[in-house]
2 protein chains.
Amino acid sequence: MRWAEGFVAVDWGTTNRRAYAIDAEGKCTAELADDRGVLSIGAGGFEAAVSEIREKLGDRPMLLAGMIGSNRGWIEVPYVRCPAGLDELARGIVRSPDGSAVLVPGVAYENSRVDIMRGEEVQILGAAADGEVPQDCLVCHPGTHNKWIRLEAGRILSFRTVMTGELFNLLKAKSILSDLLSGRVEAGDAFLMGARKGLAGSGVTAELFETRANVLLGRMPAEDGASFISGLLIGEDVRIGLAAHPSIRVVAIGRPDLTALYAVALKEAGVGTEQASGERAFIAGAKQIVELIQ
Amino acid sequence: MRWAEGFVAVDWGTTNRRAYAIDAEGKCTAELADDRGVLSIGAGGFEAAVSEIREKLGDRPMLLAGMIGSNRGWIEVPYVRCPAGLDELARGIVRSPDGSAVLVPGVAYENSRVDIMRGEEVQILGAAADGEVPQDCLVCHPGTHNKWIRLEAGRILSFRTVMTGELFNLLKAKSILSDLLSGRVEAGDAFLMGARKGLAGSGVTAELFETRANVLLGRMPAEDGASFISGLLIGEDVRIGLAAHPSIRVVAIGRPDLTALYAVALKEAGVGTEQASGERAFIAGAKQIVELIQ
């Protein structure tokens, strides 16, 4: 493969994929984003799904990261274990049968507790390599599953996944709390009240229901429900994230609306948060891995 | 209304209803159970839904309890506040416009935290009146929403709702954990391991995801997933339930498969559990209320 003449990097997740054409100078010249995540592609359909990207972004070597390397994806790539940096990711790649693509491994943390990630590692290590996040810090990376990632010397030392986003969406879609969750989430008093409850850790599975009681008893406006419950789940999330790292520099990276909410809950826990942009970090990480495997 | 000649008592919930014909001697002579819960009946449809029961079980005065008295039901009945016994329920009834039915209030707990119930109160207070549960104890009443109900002198002193059943069902129906939750829940080692984690209270929203990591890393058989996650949520539930009542007699009432699981988690928390049958308790409670309102 002639990577030096340019390549295509794909962040291929469960429900979406995003592909970037990188030229010989390392510049991103074109990109593609669609909802052809791995779950939308049946077994046996991945060669065609890869060709589709080649047709649009050029016939170049490809670096594929994320769920595409999972047991539901194209080719399963074993996890590399923490501590893991870009070197470990590069050593763990698996080549496609025709040799025209490489798949990046996910990262596993195995200790008294265990955890896994597939997709965030390229972005976070890219951000660290680029100086976008410090070499030593706790990264908060919200999304469907929030990840607390402990970086040390620019490598992933450990991490913890919290299902906050998915739980919020499940409760919103179809639960006794759905009505309350139709409103907008805002970082105001209701969010803060929820965050305080979550941080206290007295029992989120009961406090979710208590929200409904507060509304039915006229103690909380129904339109505050979404903000309160978001605060509750994010407060619980921050409690979990900080438990193992009580005093550390925290950097939030990802969707600005979400990182702003986490910053409010972190502040309530007495922790200041720096905000980092994750936008170009995936490309930065992909370029580093390509350099290492050439 | 001539209650003394017999009546019909209805436990009318969100998704189901169960009606009992009680004769002049207080014996249950016929019953009916279907899925005509309040959510399946549109506004304006309740008169017909009530007539339907009359046609099947006899033209008698009716006592209606549960969500039928909620803002989504037929006629909204204000909650009575804790402490609440059968006397308070009887004083809080609301009569239907034609006077042929009475609706029983739900119970609200309002203190530094708040909670509500509609439906369980008749059953639990009936069980206490009948001697099926002690006058002073903590009742564990599992279901879609588990209720921890503190009885004192046969009245509801306080209670707390935990969304365990609904969360389990949401995760099973459509989440990243669905695959793992298709198996049977059994009160074995996996359940106990989960229960211990839940009791420790270090963060159920992270530990749910950790189950998936354990399976993908080959540390837990996929078929143990449902039992582990059930244990996790029930352990968290028991932690919440016991927090305010560290040393008290605990009686579990309800579906035997569920009360057995709670008993295992309670034992792990160092608390013995008595099992009570709730089958005839609703009828016992309804009969007591009818005596009080005649």
# chains A, B, ... in the order shown; residues from 1 in each chain; ligands from 1

call {"tool": "interface_residues", "arguments": {"of": "chain B", "to": "chain A", "cutoff": "10 Å", "atoms": "only C-alpha atoms", "output": "count of residues only"}}
result
53

call {"tool": "residues_around", "arguments": {"residues": "Asp257 in chain B", "least_positions_apart": "6", "cutoff": "10 Å", "atoms": "only C-alpha atoms", "output": "JSON, numbers by chain"}}
result
{"B": [142, 185, 186, 187]}

call {"tool": "write_last_selection", "arguments": {"atoms": "C-alpha atoms", "output": "PDB file, in the first residue's frame"}}
result
ATOM      1  CA  PRO B 142     -41.635  -5.673  43.493  1.00  0.00           C
ATOM      2  CA  VAL B 185     -32.867 -14.636  35.345  1.00  0.00           C
ATOM      3  CA  GLU B 186     -31.838 -17.132  38.002  1.00  0.00           C
ATOM      4  CA  ALA B 187     -30.881 -16.595  41.613  1.00  0.00           C
TER       5      ALA B 187
END

call {"tool": "closest_residue", "arguments": {"among": "A:Pro83, A:Gly270, A:Gly235, A:Gly26", "to": "Phe159 in chain A", "atoms": "only C-alpha atoms"}}
result
A:Pro83

call {"tool": "residues_around", "arguments": {"residues": "Thr273 in chain B", "least_positions_apart": "2", "cutoff": "8 Å", "atoms": "only C-alpha atoms", "output": "PyMOL selection string"}}
result
chain B and resi 249-252+263+266-267+271+275

call {"tool": "write_last_selection", "arguments": {"atoms": "C-alpha atoms", "output": "mmCIF file, in the first residue's frame"}}
result
data_model
loop_
_atom_site.group_PDB
_atom_site.id
_atom_site.type_symbol
_atom_site.label_atom_id
_atom_site.label_comp_id
_atom_site.auth_asym_id
_atom_site.auth_seq_id
_atom_site.Cartn_x
_atom_site.Cartn_y
_atom_site.Cartn_z
ATOM 1 C CA ARG B 249 -38.496 -6.613 59.837
ATOM 2 C CA VAL B 250 -38.797 -6.987 56.043
ATOM 3 C CA VAL B 251 -41.742 -8.705 54.368
ATOM 4 C CA ALA B 252 -41.819 -9.257 50.610
ATOM 5 C CA ALA B 263 -34.895 -12.105 49.292
ATOM 6 C CA LEU B 266 -31.659 -8.749 51.070
ATOM 7 C CA LYS B 267 -29.892 -11.761 52.570
ATOM 8 C CA VAL B 271 -31.427 -8.923 56.242
ATOM 9 C CA GLN B 275 -42.644 -13.906 52.278
#

call {"tool": "residues_around", "arguments": {"residues": "Val102 in chain A", "least_positions_apart": "5", "cutoff": "12 Å", "atoms": "only C-alpha atoms", "output": "MDAnalysis selection string"}}
result
chainID A and resid 1 3 7:10 50 60:66 68:69 74:77 89:97 286 289:290 293:294

call {"tool": "write_last_selection", "arguments": {"atoms": "N, CA and C atoms", "output": "CSV table (one decimal), in the first residue's frame"}}
result
chain,number,residue,atom,x,y,z
A,1,MET,N,0.8,-1.2,0.0
A,1,MET,CA,0.0,0.0,0.0
A,1,MET,C,0.9,1.2,0.0
A,3,TRP,N,0.8,4.5,1.2
A,3,TRP,CA,0.1,5.5,2.1
A,3,TRP,C,0.6,6.9,1.9
A,7,PHE,N,-4.4,8.8,1.8
A,7,PHE,CA,-5.2,7.6,2.2
A,7,PHE,C,-6.6,8.1,2.6
A,8,VAL,N,-7.4,7.2,3.0
A,8,VAL,CA,-8.8,7.5,3.5
A,8,VAL,C,-8.9,6.9,4.9
A,9,ALA,N,-9.3,7.8,5.9
A,9,ALA,CA,-9.5,7.3,7.2
A,9,ALA,C,-11.0,7.3,7.6
A,10,VAL,N,-11.5,6.2,8.2
A,10,VAL,CA,-12.9,6.1,8.4
A,10,VAL,C,-13.2,5.9,9.9
A,50,VAL,N,-17.2,-0.8,1.9
A,50,VAL,CA,-15.9,-0.2,1.8
A,50,VAL,C,-15.7,0.3,0.4
A,60,ARG,N,-7.6,4.6,-2.6
A,60,ARG,CA,-6.4,4.8,-1.7
A,60,ARG,C,-6.4,3.8,-0.6
A,61,PRO,N,-5.3,3.6,0.0
A,61,PRO,CA,-5.3,2.7,1.2
A,61,PRO,C,-6.2,3.3,2.3
A,62,MET,N,-6.9,2.4,3.0
A,62,MET,CA,-7.9,2.9,4.0
A,62,MET,C,-7.5,2.4,5.4
A,63,LEU,N,-7.7,3.4,6.3
A,63,LEU,CA,-7.6,3.0,7.8
A,63,LEU,C,-9.0,3.1,8.4
A,64,LEU,N,-9.4,2.0,8.9
A,64,LEU,CA,-10.8,1.9,9.5
A,64,LEU,C,-10.8,1.7,11.0
A,65,ALA,N,-11.5,2.6,11.7
A,65,ALA,CA,-11.5,2.6,13.2
A,65,ALA,C,-12.9,2.5,13.7
A,66,GLY,N,-13.1,1.9,14.9
A,66,GLY,CA,-14.4,1.9,15.5
A,66,GLY,C,-15.0,0.5,15.4
A,68,ILE,N,-16.4,-1.1,13.3
A,68,ILE,CA,-16.1,-1.9,12.1
A,68,ILE,C,-15.1,-3.1,12.4
A,69,GLY,N,-14.3,-2.9,13.5
A,69,GLY,CA,-13.4,-3.9,14.0
A,69,GLY,C,-14.0,-4.8,15.1
A,74,TRP,N,-16.8,-5.9,10.3
A,74,TRP,CA,-16.2,-6.6,9.1
A,74,TRP,C,-15.3,-7.7,9.5
A,75,ILE,N,-14.2,-7.3,10.2
A,75,ILE,CA,-13.2,-8.2,10.7
A,75,ILE,C,-13.0,-7.9,12.1
A,76,GLU,N,-13.0,-8.9,13.0
A,76,GLU,CA,-12.8,-8.6,14.4
A,76,GLU,C,-11.3,-8.4,14.7
A,77,VAL,N,-11.1,-7.3,15.4
A,77,VAL,CA,-9.7,-7.0,15.7
A,77,VAL,C,-9.5,-7.1,17.2
A,89,LEU,N,-1.7,0.9,19.3
A,89,LEU,CA,-2.8,0.8,18.3
A,89,LEU,C,-2.2,0.3,17.0
A,90,ALA,N,-1.1,1.0,16.6
A,90,ALA,CA,-0.4,0.6,15.3
A,90,ALA,C,0.0,-0.8,15.3
A,91,ARG,N,0.6,-1.3,16.4
A,91,ARG,CA,1.0,-2.7,16.4
A,91,ARG,C,-0.1,-3.7,16.4
A,92,GLY,N,-1.3,-3.2,16.8
A,92,GLY,CA,-2.5,-4.1,16.9
A,92,GLY,C,-3.4,-4.2,15.7
A,93,ILE,N,-3.0,-3.4,14.6
A,93,ILE,CA,-3.9,-3.4,13.4
A,93,ILE,C,-4.0,-4.8,12.8
A,94,VAL,N,-5.1,-5.0,12.1
A,94,VAL,CA,-5.3,-6.2,11.3
A,94,VAL,C,-5.6,-5.7,9.9
A,95,ARG,N,-4.9,-6.4,8.9
A,95,ARG,CA,-5.1,-6.0,7.5
A,95,ARG,C,-6.3,-6.8,6.9
A,96,SER,N,-6.9,-6.1,5.9
A,96,SER,CA,-8.0,-6.8,5.3
A,96,SER,C,-7.5,-7.9,4.3
A,97,PRO,N,-8.3,-8.9,3.9
A,97,PRO,CA,-7.8,-10.0,3.1
A,97,PRO,C,-7.0,-9.5,1.8
A,286,ALA,N,-5.4,9.3,13.2
A,286,ALA,CA,-5.3,8.4,12.0
A,286,ALA,C,-4.0,8.7,11.3
A,289,ILE,N,-1.1,7.0,13.2
A,289,ILE,CA,-1.1,5.6,13.1
A,289,ILE,C,-0.5,5.2,11.7
A,290,VAL,N,-0.9,5.9,10.7
A,290,VAL,CA,-0.5,5.7,9.3
A,290,VAL,C,1.1,5.8,9.3
A,293,ILE,N,2.7,2.7,10.7
A,293,ILE,CA,2.6,1.4,10.1
A,293,ILE,C,3.2,1.4,8.7
A,294,GLN,N,3.8,2.5,8.2
A,294,GLN,CA,4.3,2.5,6.9
A,294,GLN,C,5.6,1.7,6.8

call {"tool": "atom_distance", "arguments": {"atom1": "CA of Leu232 in chain A", "atom2": "CA of Gly198 in chain B"}}
result
17.9 Å

call {"tool": "residues_around", "arguments": {"residues": "Thr14 in chain B", "least_positions_apart": "5", "cutoff": "7 Å", "atoms": "only C-alpha atoms", "output": "list in words"}}
result
Gly37, Val38, Leu39 and Met67 of chain B

call {"tool": "residues_around", "arguments": {"residues": "Ala4 in chain B", "least_positions_apart": "2", "cutoff": "7 Å", "atoms": "only C-alpha atoms", "output": "ChimeraX atom specification"}}
result
/B:2,6,24

call {"tool": "select_by_dssp", "arguments": {"residues": "range 71-226 of chain A", "states": "helix (DSSP H, G or I)", "output": "MDAnalysis selection string"}}
result
chainID A and resid 86:91 120:129 164:173 178:181 189:200 204:216 222:226

call {"tool": "closest_residue", "arguments": {"among": "A:Cys28, A:Arg36, A:Ser100, A:Ile283", "to": "Asn16 in chain A", "atoms": "only C-alpha atoms"}}
result
A:Arg36

call {"tool": "atom_distance", "arguments": {"atom1": "CA of Arg17 in chain A", "atom2": "CA of Leu177 in chain B"}}
result
21.6 Å

call {"tool": "atom_distance", "arguments": {"atom1": "CA of Glu5 in chain B", "atom2": "CA of Leu32 in chain B"}}
result
19.6 Å

call {"tool": "closest_residue", "arguments": {"among": "A:Glu268, A:Gly225, A:Ile41, A:Asp23", "to": "Ala195 in chain A", "atoms": "only C-alpha atoms"}}
result
A:Glu268
